[in-house]
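Peer 1: My structure file data_4.cif, mmCIF, C-alpha atoms, is below:
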data_entry
loop_
_atom_site.label_atom_id
_atom_site.label_comp_id
_atom_site.auth_asym_id
_atom_site.auth_seq_id
_atom_site.Cartn_x
_atom_site.Cartn_y
_atom_site.Cartn_z
CA MET A 16 -15.58 1.30 -53.27
CA ALA A 17 -16.43 3.55 -50.35
CA ASN A 18 -16.39 7.21 -51.11
CA ALA A 19 -13.30 9.19 -50.29
CA ARG A 20 -15.02 11.68 -48.05
CA ALA A 21 -16.47 9.01 -45.71
CA LEU A 22 -13.06 7.37 -45.45
CA ASP A 23 -11.47 10.68 -44.61
CA ARG A 24 -14.02 11.30 -41.88
CA ARG A 25 -13.33 7.91 -40.34
CA ARG A 26 -9.62 8.49 -40.50
CA ARG A 27 -10.02 11.78 -38.69
CA SER A 28 -12.05 10.18 -35.88
CA VAL A 29 -9.51 7.37 -35.48
CA ARG A 30 -6.79 10.01 -35.24
CA ASN A 31 -8.67 11.67 -32.40
CA ILE A 32 -9.03 8.35 -30.61
CA ARG A 33 -5.31 7.74 -31.02
CA LYS A 34 -4.61 11.10 -29.43
CA ILE A 35 -6.72 10.11 -26.43
CA THR A 36 -5.22 6.66 -26.00
CA ARG A 37 -1.73 8.09 -26.35
CA THR A 38 -2.45 10.63 -23.61
CA MET A 39 -3.91 7.93 -21.38
CA GLU A 40 -0.80 5.87 -21.91
CA LEU A 41 1.40 8.77 -20.85
CA ILE A 42 -0.73 9.45 -17.79
CA ALA A 43 -0.69 5.78 -16.81
CA THR A 44 3.10 5.73 -17.20
CA ALA A 45 3.49 8.71 -14.88
CA ARG A 46 1.08 7.24 -12.34
CA PHE A 47 2.75 3.87 -12.53
CA LYS A 48 6.07 5.42 -11.64
CA LYS A 49 4.58 7.19 -8.65
CA ALA A 50 2.71 4.09 -7.48
CA MET A 51 5.87 2.05 -7.90
CA ASP A 52 7.85 4.51 -5.77
CA ARG A 53 5.24 4.26 -3.04
CA SER A 54 5.33 0.50 -3.20
CA VAL A 55 9.12 0.46 -2.92
CA ALA A 56 9.01 2.95 -0.02
CA ALA A 57 6.56 0.69 1.81
CA ARG A 58 8.82 -2.32 1.49
CA ASP A 59 11.14 -1.16 4.29
CA TYR A 60 8.39 -1.39 6.86
CA THR A 61 7.45 -4.95 5.90
CA GLU A 62 11.08 -6.03 5.91
CA HIS A 63 11.77 -4.61 9.33
CA LEU A 64 8.63 -6.18 10.76
CA ALA A 65 9.59 -9.54 9.27
CA LYS A 66 13.05 -9.22 10.79
CA ILE A 67 11.66 -8.60 14.27
CA LEU A 68 9.20 -11.47 13.90
CA LYS A 69 12.02 -13.75 12.88
CA ASN A 70 14.03 -12.73 15.92
CA ILE A 71 11.09 -13.38 18.21
CA ALA A 72 10.56 -16.75 16.58
CA ALA A 73 14.25 -17.58 17.05
CA VAL A 74 14.20 -16.64 20.73
CA GLY A 75 10.65 -17.39 21.77
CA GLY A 76 10.44 -20.80 20.08
CA ASN A 77 6.76 -21.55 19.96
CA LEU A 78 4.56 -18.75 18.80
CA SER A 79 0.99 -18.85 19.85
CA HIS A 80 -1.47 -16.10 19.21
CA PRO A 81 -5.14 -16.05 18.22
CA LEU A 82 -4.17 -14.66 14.80
CA LEU A 83 -1.93 -17.65 14.10
CA GLN A 84 -4.47 -20.31 15.08
CA ILE A 85 -5.99 -22.24 12.24
CA ARG A 86 -9.65 -22.93 12.87
CA PRO A 87 -12.05 -24.99 10.76
CA THR A 88 -13.54 -22.58 8.26
CA GLN A 89 -17.22 -22.01 8.73
CA ARG A 90 -17.45 -18.35 7.98
CA SER A 91 -15.00 -16.63 5.74
CA ALA A 92 -14.46 -13.17 4.36
CA VAL A 93 -13.30 -12.33 0.86
CA LEU A 94 -11.91 -8.96 -0.14
CA VAL A 95 -11.68 -8.33 -3.88
CA LEU A 96 -9.52 -5.47 -5.11
CA THR A 97 -10.34 -4.09 -8.55
CA GLY A 98 -10.20 -0.71 -10.23
CA ASN A 99 -12.82 2.01 -10.42
CA ARG A 100 -12.23 2.46 -14.12
CA GLY A 101 -11.89 0.27 -17.15
CA LEU A 102 -9.72 0.58 -20.25
CA CYS A 103 -6.99 -1.41 -18.62
CA GLY A 104 -7.00 -4.69 -20.48
CA GLY A 105 -7.67 -7.82 -18.48
CA TYR A 106 -6.88 -6.23 -15.11
CA ASN A 107 -10.41 -6.16 -13.73
CA SER A 108 -11.73 -9.26 -15.44
CA ASN A 109 -8.81 -11.40 -14.24
CA ALA A 110 -9.37 -10.35 -10.65
CA VAL A 111 -13.11 -10.99 -10.97
CA ARG A 112 -12.47 -14.42 -12.52
CA GLN A 113 -10.14 -15.29 -9.66
CA ALA A 114 -12.73 -14.12 -7.15
CA MET A 115 -15.48 -16.16 -8.83
CA GLY A 116 -13.28 -19.27 -8.60
CA LEU A 117 -12.70 -18.70 -4.90
CA LEU A 118 -16.34 -17.93 -4.18
CA GLY A 119 -17.32 -21.09 -6.07
CA GLU A 120 -15.02 -23.11 -3.81
CA HIS A 121 -16.53 -21.52 -0.73
CA SER A 122 -20.09 -22.18 -1.84
CA SER A 123 -19.30 -25.84 -2.60
CA ASP A 124 -17.81 -26.16 0.90
CA GLU A 125 -20.96 -24.53 2.25
CA THR A 126 -18.94 -21.81 3.88
CA GLU A 127 -20.77 -18.67 4.77
CA THR A 128 -18.98 -15.94 2.86
CA HIS A 129 -18.89 -12.22 3.46
CA VAL A 130 -17.83 -10.42 0.29
CA THR A 131 -16.22 -6.97 0.26
CA VAL A 132 -15.27 -5.39 -3.03
CA SER A 133 -13.14 -2.35 -3.73
CA GLY A 134 -13.57 -0.72 -7.14
CA LYS A 135 -16.61 0.09 -9.23
CA ARG A 136 -15.70 -2.41 -11.93
CA GLY A 137 -15.49 -5.35 -9.57
CA ILE A 138 -18.71 -4.41 -7.78
CA ASN A 139 -20.66 -4.28 -11.05
CA ALA A 140 -19.11 -7.44 -12.44
CA LEU A 141 -19.80 -9.48 -9.31
CA LYS A 142 -23.34 -8.17 -8.98
CA PHE A 143 -23.93 -9.07 -12.61
CA ARG A 144 -22.83 -12.62 -11.82
CA GLY A 145 -25.35 -12.83 -9.00
CA ILE A 146 -22.98 -12.40 -6.05
CA THR A 147 -24.23 -10.46 -3.06
CA VAL A 148 -21.69 -7.79 -2.25
CA ASP A 149 -21.84 -7.06 1.47
CA ALA A 150 -19.57 -4.04 1.54
CA GLU A 151 -18.13 -1.72 -1.08
CA HIS A 152 -15.19 0.66 -1.24
CA LEU A 153 -14.88 3.22 -3.98
CA ASN A 154 -12.26 5.51 -2.49
CA PHE A 155 -9.12 3.66 -3.61
CA GLU A 156 -7.47 5.04 -6.71
CA ASP A 157 -3.83 4.94 -7.65
CA LYS A 158 -2.62 6.18 -4.26
CA PRO A 159 -4.05 4.07 -1.46
CA ALA A 160 -3.22 5.70 1.89
CA PHE A 161 -2.39 3.63 4.92
CA SER A 162 -4.83 5.66 6.98
CA GLU A 163 -7.61 4.53 4.64
CA VAL A 164 -6.59 0.87 4.59
CA ALA A 165 -6.00 0.59 8.36
CA PRO A 166 -9.69 0.81 9.42
CA ILE A 167 -10.57 -2.00 6.99
CA GLY A 168 -7.80 -4.16 8.42
CA GLU A 169 -8.85 -3.23 11.93
CA SER A 170 -12.40 -4.42 11.35
CA TYR A 171 -11.17 -7.73 9.90
CA LEU A 172 -8.88 -8.27 12.88
CA LYS A 173 -11.72 -7.58 15.24
CA SER A 174 -14.11 -9.99 13.56
CA TYR A 175 -11.42 -12.65 13.34
CA ILE A 176 -10.57 -12.44 17.02
CA GLU A 177 -14.23 -12.41 18.00
CA GLY A 178 -14.82 -15.48 15.84
CA ASP A 179 -17.13 -13.83 13.31
CA ILE A 180 -14.85 -14.98 10.52
CA ASP A 181 -12.45 -17.93 10.43
CA ARG A 182 -10.55 -16.96 7.34
CA LEU A 183 -9.82 -13.93 5.21
CA ASP A 184 -8.83 -14.16 1.56
CA VAL A 185 -7.79 -11.19 -0.49
CA VAL A 186 -8.12 -11.36 -4.26
CA TYR A 187 -5.81 -8.84 -5.87
CA THR A 188 -3.43 -8.43 -8.76
CA ARG A 189 0.08 -9.15 -7.62
CA PHE A 190 2.81 -7.12 -9.24
CA VAL A 191 5.62 -9.53 -10.13
CA ASN A 192 7.49 -7.28 -12.52
CA ILE A 193 6.64 -4.77 -15.20
CA ALA A 194 5.93 -7.52 -17.72
CA LYS A 195 3.99 -9.78 -15.39
CA GLN A 196 1.09 -9.18 -13.02
CA GLU A 197 -1.14 -11.99 -11.91
CA ALA A 198 -4.50 -12.10 -10.19
CA VAL A 199 -4.11 -14.14 -7.02
CA ALA A 200 -6.14 -15.12 -3.98
CA GLU A 201 -4.06 -14.87 -0.84
CA THR A 202 -5.08 -16.02 2.62
CA LEU A 203 -4.18 -13.26 5.06
CA LEU A 204 -5.96 -14.64 8.12
CA PRO A 205 -5.01 -16.84 9.86
CA LEU A 206 -1.59 -15.28 9.52
CA GLN A 207 1.12 -17.48 8.12
CA PRO A 208 3.75 -18.11 10.79
CA PRO A 209 6.93 -16.06 10.33
CA LYS A 210 8.84 -19.10 9.07
CA ASN A 211 6.98 -18.79 5.79
CA GLU A 212 7.90 -15.15 5.49
CA GLU A 213 8.56 -13.98 1.97
CA THR A 214 11.94 -15.14 0.76
CA SER A 215 12.77 -11.69 -0.54
CA VAL A 216 13.38 -10.57 3.03
CA SER A 217 17.04 -10.97 3.66
CA PRO A 218 17.94 -10.37 7.27
CA VAL A 219 21.32 -8.87 7.87
CA GLY A 220 23.55 -11.82 8.75
CA HIS A 221 25.02 -10.67 12.00
CA LEU A 222 21.71 -9.40 13.34
CA ALA A 223 19.80 -12.61 12.72
CA SER A 224 21.97 -14.60 15.07
CA GLU A 225 22.08 -11.79 17.61
CA GLU A 226 20.73 -12.28 21.11
CA TYR A 227 18.09 -9.68 21.71
CA ASP A 228 16.52 -8.51 24.90
CA PHE A 229 12.81 -7.86 24.78
CA TYR A 230 11.02 -5.00 26.49
CA PRO A 231 8.62 -5.63 28.11
CA SER A 232 8.51 -9.26 26.89
CA ALA A 233 8.59 -11.26 23.67
CA GLU A 234 4.92 -12.21 24.09
CA SER A 235 3.80 -8.65 24.54
CA ILE A 236 5.70 -7.56 21.44
CA LEU A 237 4.26 -10.46 19.49
CA GLU A 238 0.79 -9.42 20.54
CA GLU A 239 1.34 -6.02 18.99
CA ILE A 240 3.46 -6.98 16.04
CA LEU A 241 1.14 -9.57 14.51
CA PRO A 242 -1.70 -7.11 13.89
CA ALA A 243 0.86 -4.65 12.51
CA SER A 244 2.24 -7.33 10.24
CA PHE A 245 -1.26 -8.17 9.02
CA GLN A 246 -1.97 -4.51 8.37
CA SER A 247 1.20 -4.11 6.38
CA ARG A 248 0.40 -7.17 4.28
CA LEU A 249 -3.07 -5.89 3.59
CA PHE A 250 -1.64 -2.50 2.66
CA LYS A 251 0.81 -4.22 0.33
CA CYS A 252 -2.14 -5.88 -1.46
CA PHE A 253 -3.66 -2.45 -2.06
CA LEU A 254 -0.36 -1.01 -3.25
CA ASP A 255 0.28 -3.94 -5.57
CA SER A 256 -3.20 -3.61 -7.03
CA ALA A 257 -2.66 0.08 -7.67
CA VAL A 258 0.66 -0.53 -9.40
CA SER A 259 -0.74 -3.40 -11.46
CA GLU A 260 -3.71 -1.34 -12.57
CA GLN A 261 -1.47 1.39 -13.91
CA VAL A 262 0.78 -1.11 -15.68
CA ALA A 263 -2.24 -2.85 -17.19
CA ARG A 264 -3.63 0.47 -18.39
CA MET A 265 -0.27 1.51 -19.76
CA VAL A 266 0.05 -1.72 -21.76
CA ALA A 267 -3.58 -1.64 -22.92
CA MET A 268 -3.33 1.95 -24.09
CA LYS A 269 -0.02 1.29 -25.83
CA GLY A 270 -1.74 -1.52 -27.73
CA ALA A 271 -4.70 0.72 -28.53
CA THR A 272 -2.43 3.47 -29.84
CA GLU A 273 -0.59 1.00 -32.06
CA ASN A 274 -3.87 -0.41 -33.32
CA ALA A 275 -5.13 3.06 -34.11
CA SER A 276 -1.95 3.78 -36.07
CA GLY A 277 -2.49 0.58 -38.06
CA ILE A 278 -6.09 1.50 -38.83
CA ILE A 279 -5.07 5.01 -39.89
CA LYS A 280 -2.50 3.54 -42.27
CA ASP A 281 -5.08 1.20 -43.76
CA LEU A 282 -7.69 3.94 -44.03
CA SER A 283 -5.18 6.27 -45.68
CA ARG A 284 -4.38 3.68 -48.29
CA ARG A 285 -8.03 3.09 -49.00
CA TYR A 286 -8.73 6.80 -49.08
CA ASN A 287 -5.90 7.43 -51.58
CA ARG A 288 -7.07 4.59 -53.75
CA ALA A 289 -10.65 5.85 -53.68
CA ARG A 290 -9.52 9.38 -54.50
CA GLN A 291 -7.33 8.13 -57.34
CA SER A 292 -10.09 6.01 -58.84
CA GLN A 293 -12.43 8.98 -58.60
CA ILE A 294 -9.92 11.13 -60.51
CA THR A 295 -9.35 8.39 -63.06
CA GLY A 296 -13.10 8.09 -63.52
CA GLU A 297 -13.43 11.82 -64.06
CA ILE A 298 -10.60 11.87 -66.63
CA MET A 299 -12.20 8.98 -68.45
CA GLU A 300 -15.46 10.90 -68.53
CA ILE A 301 -13.75 14.00 -69.95
CA LEU A 302 -11.91 11.94 -72.52
CA GLY A 303 -15.17 10.25 -73.44
CA GLY A 304 -16.74 13.70 -73.86
CA VAL A 305 -13.85 14.91 -76.08
CA GLU A 306 -14.10 11.82 -78.27
CA ALA A 307 -17.82 12.40 -78.65
CA LEU A 308 -17.33 16.07 -79.66
CA LYS A 309 -14.69 15.07 -82.26
CA LYS A 310 -17.27 12.98 -83.99
CA MET B 4 38.20 7.39 25.73
CA ALA B 5 35.12 9.42 26.61
CA THR B 6 35.69 11.77 23.70
CA THR B 7 35.97 8.95 21.17
CA SER B 8 32.78 7.27 22.34
CA SER B 9 30.86 10.54 22.32
CA GLN B 10 31.84 11.05 18.70
CA LYS B 11 30.57 7.65 17.71
CA LEU B 12 27.31 7.96 15.85
CA ILE B 13 24.26 5.78 15.78
CA ARG B 14 22.16 5.44 12.70
CA CYS B 15 18.50 6.07 13.35
CA VAL B 16 15.81 4.99 10.93
CA ILE B 17 12.10 5.69 11.35
CA VAL B 18 9.83 3.72 9.04
CA THR B 19 6.07 3.91 8.57
CA PRO B 20 3.97 1.68 6.30
CA GLU B 21 4.08 4.38 3.63
CA GLN B 22 7.66 5.52 3.68
CA THR B 23 10.95 5.86 5.49
CA VAL B 24 10.44 9.10 7.38
CA LEU B 25 13.93 9.57 8.68
CA ASP B 26 17.32 8.00 8.12
CA THR B 27 20.13 9.89 9.74
CA LYS B 28 22.96 9.63 12.23
CA ALA B 29 23.08 11.10 15.71
CA THR B 30 25.15 10.83 18.86
CA ARG B 31 22.21 9.96 21.10
CA VAL B 32 18.63 8.84 20.59
CA ILE B 33 15.83 9.02 23.14
CA LEU B 34 13.09 6.48 22.58
CA PRO B 35 9.63 6.59 24.16
CA LEU B 36 9.29 2.97 25.27
CA ASP B 37 6.03 1.56 26.48
CA ASP B 38 6.88 2.23 30.14
CA GLY B 39 9.08 5.33 29.91
CA SER B 40 11.82 6.93 27.89
CA ARG B 41 15.15 5.28 27.26
CA GLY B 42 18.31 6.93 26.02
CA ILE B 43 20.47 5.12 23.51
CA ALA B 44 24.12 5.92 22.89
CA ALA B 45 26.63 4.12 20.71
CA GLY B 46 27.39 0.57 21.79
CA HIS B 47 24.02 -0.05 23.44
CA ALA B 48 23.13 -3.71 23.99
CA PRO B 49 20.76 -4.98 21.31
CA PHE B 50 17.09 -5.13 22.21
CA ILE B 51 13.64 -5.15 20.70
CA GLY B 52 11.10 -3.03 22.47
CA ARG B 53 7.54 -1.91 22.32
CA LEU B 54 7.02 1.84 21.97
CA GLY B 55 4.37 4.04 23.42
CA ALA B 56 3.13 7.36 22.10
CA GLY B 57 5.74 10.06 22.47
CA GLN B 58 8.71 11.71 20.88
CA VAL B 59 11.72 10.07 19.33
CA GLN B 60 14.47 12.58 19.93
CA LEU B 61 17.75 12.59 18.08
CA LEU B 62 20.47 14.61 19.77
CA GLY B 63 23.62 15.74 18.02
CA VAL B 64 22.51 14.92 14.51
CA ALA B 65 25.49 14.20 12.24
CA GLY B 66 27.82 14.60 15.21
CA GLY B 67 27.00 18.26 15.80
CA THR B 68 26.22 19.92 19.09
CA GLY B 69 23.65 22.48 20.21
CA ALA B 70 19.89 22.79 20.02
CA GLU B 71 19.74 23.08 16.26
CA THR B 72 21.08 19.55 15.88
CA THR B 73 18.06 18.04 17.62
CA ILE B 74 15.34 16.36 15.66
CA SER B 75 12.19 15.27 17.40
CA THR B 76 9.51 13.20 15.79
CA PHE B 77 6.19 12.32 17.33
CA ILE B 78 5.19 8.68 16.99
CA ASP B 79 2.06 6.85 17.94
CA GLY B 80 3.27 3.52 19.32
CA GLY B 81 5.14 0.85 17.41
CA PHE B 82 8.36 -1.08 17.88
CA THR B 83 12.03 -0.46 18.00
CA GLU B 84 14.99 -2.60 17.23
CA VAL B 85 18.30 -1.53 18.64
CA GLY B 86 21.52 -3.22 17.68
CA HIS B 87 24.98 -2.55 16.32
CA ASN B 88 24.79 1.21 16.56
CA GLU B 89 21.58 1.21 14.64
CA VAL B 90 18.15 2.17 15.93
CA THR B 91 15.14 1.25 13.85
CA VAL B 92 11.76 2.65 14.82
CA ILE B 93 8.76 0.97 13.23
CA THR B 94 5.56 2.90 13.69
CA GLN B 95 2.24 3.43 11.96
CA HIS B 96 2.22 7.21 12.24
CA ALA B 97 5.12 9.59 12.52
CA SER B 98 5.01 13.37 12.30
CA ASP B 99 7.41 16.18 13.00
CA SER B 100 6.84 17.39 16.57
CA GLY B 101 6.97 20.99 15.36
CA SER B 102 3.95 20.46 13.13
CA ILE B 103 1.66 19.75 16.08
CA ASP B 104 -0.45 22.70 17.11
CA PRO B 105 -0.55 22.90 20.95
CA SER B 106 -4.05 24.40 21.10
CA GLU B 107 -5.38 21.77 18.74
CA ALA B 108 -3.77 19.00 20.75
CA LYS B 109 -5.22 20.44 23.94
CA GLU B 110 -8.69 20.60 22.44
CA GLU B 111 -8.40 17.01 21.30
CA LEU B 112 -7.45 15.90 24.79
CA GLU B 113 -10.31 17.85 26.36
CA GLN B 114 -12.74 16.28 23.91
CA LEU B 115 -11.50 12.83 24.82
CA CYS B 116 -11.75 13.57 28.53
CA LYS B 117 -15.42 14.46 28.11
CA GLN B 118 -16.20 11.16 26.40
CA LYS B 119 -17.69 8.29 28.34
CA ALA B 120 -16.93 4.64 27.73
CA VAL B 121 -18.80 1.51 28.74
CA GLY B 122 -17.21 -1.91 29.00
CA ASP B 123 -13.58 -2.97 29.30
CA GLU B 124 -12.82 -2.72 25.64
CA GLN B 125 -14.16 0.79 25.21
CA ILE B 126 -12.53 1.99 28.40
CA ASN B 127 -9.17 0.64 27.32
CA ALA B 128 -9.49 2.21 23.88
CA LEU B 129 -10.40 5.55 25.43
CA LEU B 130 -7.54 5.40 27.90
CA GLN B 131 -5.18 4.59 25.06
CA ALA B 132 -6.48 7.50 23.01
CA GLU B 133 -6.17 9.82 26.00
CA SER B 134 -2.58 8.86 26.70
CA THR B 135 -1.74 9.38 23.01
CA ALA B 136 -3.39 12.78 23.09
CA ARG B 137 -1.48 13.66 26.27
CA ALA B 138 1.78 12.65 24.65
CA ARG B 139 0.94 14.77 21.62
CA LEU B 140 0.22 17.77 23.77
CA ARG B 141 3.46 17.23 25.68
CA ALA B 142 5.38 16.96 22.42
CA ALA B 143 3.80 20.17 21.12
CA ARG B 144 4.59 22.07 24.33
CA THR B 145 8.21 20.99 24.62
CA LYS B 146 8.80 21.91 21.02
CA ASN B 147 7.40 25.38 21.58
CA LYS B 148 9.57 25.95 24.64
CA SER B 149 12.77 25.01 22.83
#
Take the structure in this file and express it as structure tokens.
Peer 2:
Amino acid sequence: MANARALDRRRRSVRNIRKITRTMELIATARFKKAMDRSVAARDYTEHLAKILKNIAAVGGNLSHPLLQIRPTQRSAVLVLTGNRGLCGGYNSNAVRQAMGLLGEHSSDETETHVTVSGKRGINALKFRGITVDAEHLNFEDKPAFSEVAPIGESYLKSYIEGDIDRLDVVYTRFVNIAKQEAVAETLLPLQPPKNEETSVSPVGHLASEEYDFYPSAESILEEILPASFQSRLFKCFLDSAVSEQVARMVAMKGATENASGIIKDLSRRYNRARQSQITGEIMEILGGVEALKK
Amino acid sequence: MATTSSQKLIRCVIVTPEQTVLDTKATRVILPLDDGSRGIAAGHAPFIGRLGAGQVQLLGVAGGTGAETTISTFIDGGFTEVGHNEVTVITQHASDSGSIDPSEAKEELEQLCKQKAVGDEQINALLQAESTARARLRAARTKNKS
């Protein structure tokens, strides 16, 4: 049986770890709420853009724009969104696994792939797996700002229009609800036509059938709105990733705290038993001594 | 008749990718369209338009009158959807016109004027940036006057 003092020392260190994980859980909860608020606030923009696109589609009929054209994929770009920090369960590894699957597909199709990774964890994991990371971003934490995301989107738009890339996939962790987040690979370029707009967008009934005038023209608005719509989708990927990371960390740290409590309970029991057996041993020794003296 | 229509309010919403900046009611809204400003009052025919850089001005906020019921917000391009007494402005950047420093805006414009561009693309980008800077300066000046 282990000695009581060693058990006590272990118990104390586990208690300290529990304090840390508990604090991290609380911090992640607070950050999750903030990230969630930002994500909800950003939804309005996407919905309004989708509504306008739908109206243009209804009036304009055929939509043609370089961003909507599907070209044979020869060169593609992949953007992987992960976290800068660990201790968040399977968040990073799921995204990396998804990315590896996609990159495997690209290499079997002999597509030239340009890989951009955001987050220290993803960069290290992909490098470890022998992937050449062409560009890195480390500046995205739990509050991605649109002004930071926009230049990235801008550069993708530019290379897509110039023909440097034929496709852009973003690997990120989609936030479905608080109990479910899944790593997905989404094709952002070429843009999906507005018909396939997310079903969550519910246009106000009377406005959808409304006849709109367009200033200066439907084409000119389309020309501007498609890049904006792409940017907002890309931004949504960043926001979703941020929310998912905080949820994942919250859940992981909750599990860790519970585990620590279990270990402390177990250690306490063992410590008490060890202490008791030590006392019993000592009493036996004394009794043995007394018996010997009697003789 | 005129009095009833002037009391009718239009809801004006300004959204950016990050948040809804403004959601309020006003008697009139002035929008900086691509090719010039356009005033919107209640009952305006529905349209979707492209916006240039400039100020979105809300006059008579919440049905009030006077200068203090004016809100002006500087936007940097975007779109607008007008319909059913509702104006939605979708833009990437929106800031309160009062927060723009005139001297800073002037400096920015002067800097841009000094820059040289080569090729169509660069020239267009520079012209665009210059017109945005001009609109910013204008917004800052009008705010200071009022």
Peer 1: Return the single residue from A:Ala21, A:Ala65, A:Leu102, A:Ala72 that is closest to Glu226 in chain A, with distances computed using all atoms listed in the file.
Peer 2: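 Using all atoms listed in the file, Glu226 in chain A sits closest to A:Ala72.
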Peer 1: Counting only C-alpha atoms, what are the residues of chain B within 10 Å of chain A, and for each of them which pair of atoms is the nearest and at what distance in Å, to one decimal? Sort the table by chain and rising number, as a tab-separated table.
Peer 2:
residue	atom	partner	partner_atom	distance
B:Ile17	CA	A:Tyr60	CA	9.2
B:Val18	CA	A:Tyr60	CA	5.7
B:Thr19	CA	A:Tyr60	CA	6.0
B:Pro20	CA	A:Ala57	CA	5.3
B:Glu21	CA	A:Ala57	CA	4.8
B:Gln22	CA	A:Ala56	CA	4.7
B:Thr23	CA	A:Ala56	CA	6.5
B:Val24	CA	A:Ala56	CA	9.7
B:Leu36	CA	A:Tyr230	CA	8.2
B:Asp37	CA	A:Pro231	CA	7.8
B:Asp38	CA	A:Pro231	CA	8.3
B:Ala48	CA	A:Tyr227	CA	8.1
B:Pro49	CA	A:Tyr227	CA	5.4
B:Phe50	CA	A:Asp228	CA	4.4
B:Ile51	CA	A:Phe229	CA	5.0
B:Gly52	CA	A:Tyr230	CA	4.5
B:Arg53	CA	A:Ile236	CA	6.0
B:Leu54	CA	A:Tyr230	CA	9.1
B:Gly80	CA	A:Glu239	CA	9.7
B:Gly81	CA	A:Glu239	CA	8.0
B:Phe82	CA	A:Ile236	CA	7.9
B:Thr83	CA	A:Ile67	CA	9.0
B:Glu84	CA	A:Ile67	CA	7.5
B:Val85	CA	A:Tyr227	CA	8.7
B:Gly86	CA	A:Leu222	CA	7.6
B:His87	CA	A:Leu222	CA	8.2
B:Thr91	CA	A:His63	CA	8.1
B:Val92	CA	A:His63	CA	9.1
B:Ile93	CA	A:Tyr60	CA	6.8
B:Thr94	CA	A:Tyr60	CA	8.5
B:Gln95	CA	A:Ala243	CA	8.2
B:His96	CA	A:Ser162	CA	8.9
Peer 1: What lies within 9 Å of range 61-78 of chain B using all atoms listed in the file, ignoring chain neighbours under 5 positions off, as number ranges by chain?
Peer 2: B: 9-12, 15, 27-35, 54-56, 94-101, 103, 138-139, 142, 146, 149
Peer 1: I'd like to see the residues matched by the PyMOL selection byres ((chain B and resi 129) around 9) on this file, and ideally I'd get them as a PyMOL selection string.
Peer 2: chain B and resi 115-116+118-120+124-128+130-134
Peer 1: Care to translate the PyMOL selection byres ((chain B and resi 112) around 9) into actual residues of this file, as JSON, numbers by chain?
Peer 2: {"B": [107, 108, 109, 110, 111, 113, 114, 115, 116, 117, 132, 133, 134, 135, 136, 137, 140]}
Peer 1: Find the residues near Ala43 in chain A: any atom within 7 Å, counting all atoms listed in the file, skip ones fewer than 6 places away on the same chain, and give them as a list in words.
Peer 2: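 After dropping sequence-adjacent residues, the list is Gln261, Arg264 and Met265 of chain A.
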Peer 1: Starting from the shown file, work through the PyMOL selection byres ((chain A and resi 34) around 12) and note down what comes out as number ranges by chain.
Peer 2: A: 27-33, 35-41, 268-269, 271-273, 275-276
Peer 1: When you look at range 291-295 of chain A with a cut-off of 9 Å (counting only C-alpha atoms), what residues show up, excluding the ones that are within fewer than 4 positions of it in the same chain? I need them as an mmCIF file with C-alpha atoms, in the frame of the given file.
Peer 2:
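Once everything was written out, this is result29.cif:
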data_model
loop_
_atom_site.group_PDB
_atom_site.id
_atom_site.type_symbol
_atom_site.label_atom_id
_atom_site.label_comp_id
_atom_site.auth_asym_id
_atom_site.auth_seq_id
_atom_site.Cartn_x
_atom_site.Cartn_y
_atom_site.Cartn_z
ATOM 1 C CA ASN A 18 -16.390 7.210 -51.110
ATOM 2 C CA ALA A 19 -13.300 9.190 -50.290
ATOM 3 C CA TYR A 286 -8.730 6.800 -49.080
ATOM 4 C CA ASN A 287 -5.900 7.430 -51.580
ATOM 5 C CA MET A 299 -12.200 8.980 -68.450
ATOM 6 C CA GLU A 300 -15.460 10.900 -68.530
#
Peer 1: Compare A:Lys48, A:Phe245, A:Asp281, A:Leu96 by their minimum atom-to-atom distance to Ser170 in chain A, counting only C-alpha atoms, and give me the closest one.
Peer 2: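 Of the candidates, the smallest distance to Ser170 in chain A is held by A:Phe245.
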Peer 1: What is the distance, in Å and to one decimal place, between CA of Ser259 in chain A and CA of Cys103 in chain A?
Peer 2: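 Taking CA of Ser259 in chain A as the start and CA of Cys103 in chain A as the end point, the length is 9.7 Å.
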Peer 1: How far is it from CA of Asp79 in chain B to CA of Leu153 in chain A, in Å with one decimal?
Peer 2: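 It comes out at 27.9 Å.
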Peer 1: Please determine an axis-aligned box that encloses all atoms of range 43-59 of chain A listed in the file, with 4 Å added on each side, and express its centre and edge lengths in Å to one decimal as AutoDock Vina command-line options.
Peer 2:
--center_x 5.2 --center_y 3.2 --center_z -6.5 --size_x 19.8 --size_y 19.0 --size_z 29.5
Peer 1: Name the residues in contact with Asn154 in chain A at a cut-off of 12 Å, using all atoms listed in the file, excluding same-chain residues fewer than 4 positions from it; report them as a list in words.
Peer 2: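 The neighbour list is Leu96, Thr97, Gly98, Asn99, Val132, Ser133, Gly134, Lys135, Lys158, Pro159, Ala160, Glu163, Val164 and Phe253 of chain A.
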Peer 1: For Asn192 in chain A, which residue among A:Asp157, A:Glu177, A:Glu151, A:Asp255 is the nearest when counting only C-alpha atoms?
Peer 2: A:Asp255
Peer 1: Any idea what the distance is between CA of Ser122 in chain A and CA of Thr88 in chain A?
Peer 2: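 Atom-to-atom, CA of Ser122 in chain A and CA of Thr88 in chain A are spaced 12.0 Å apart.
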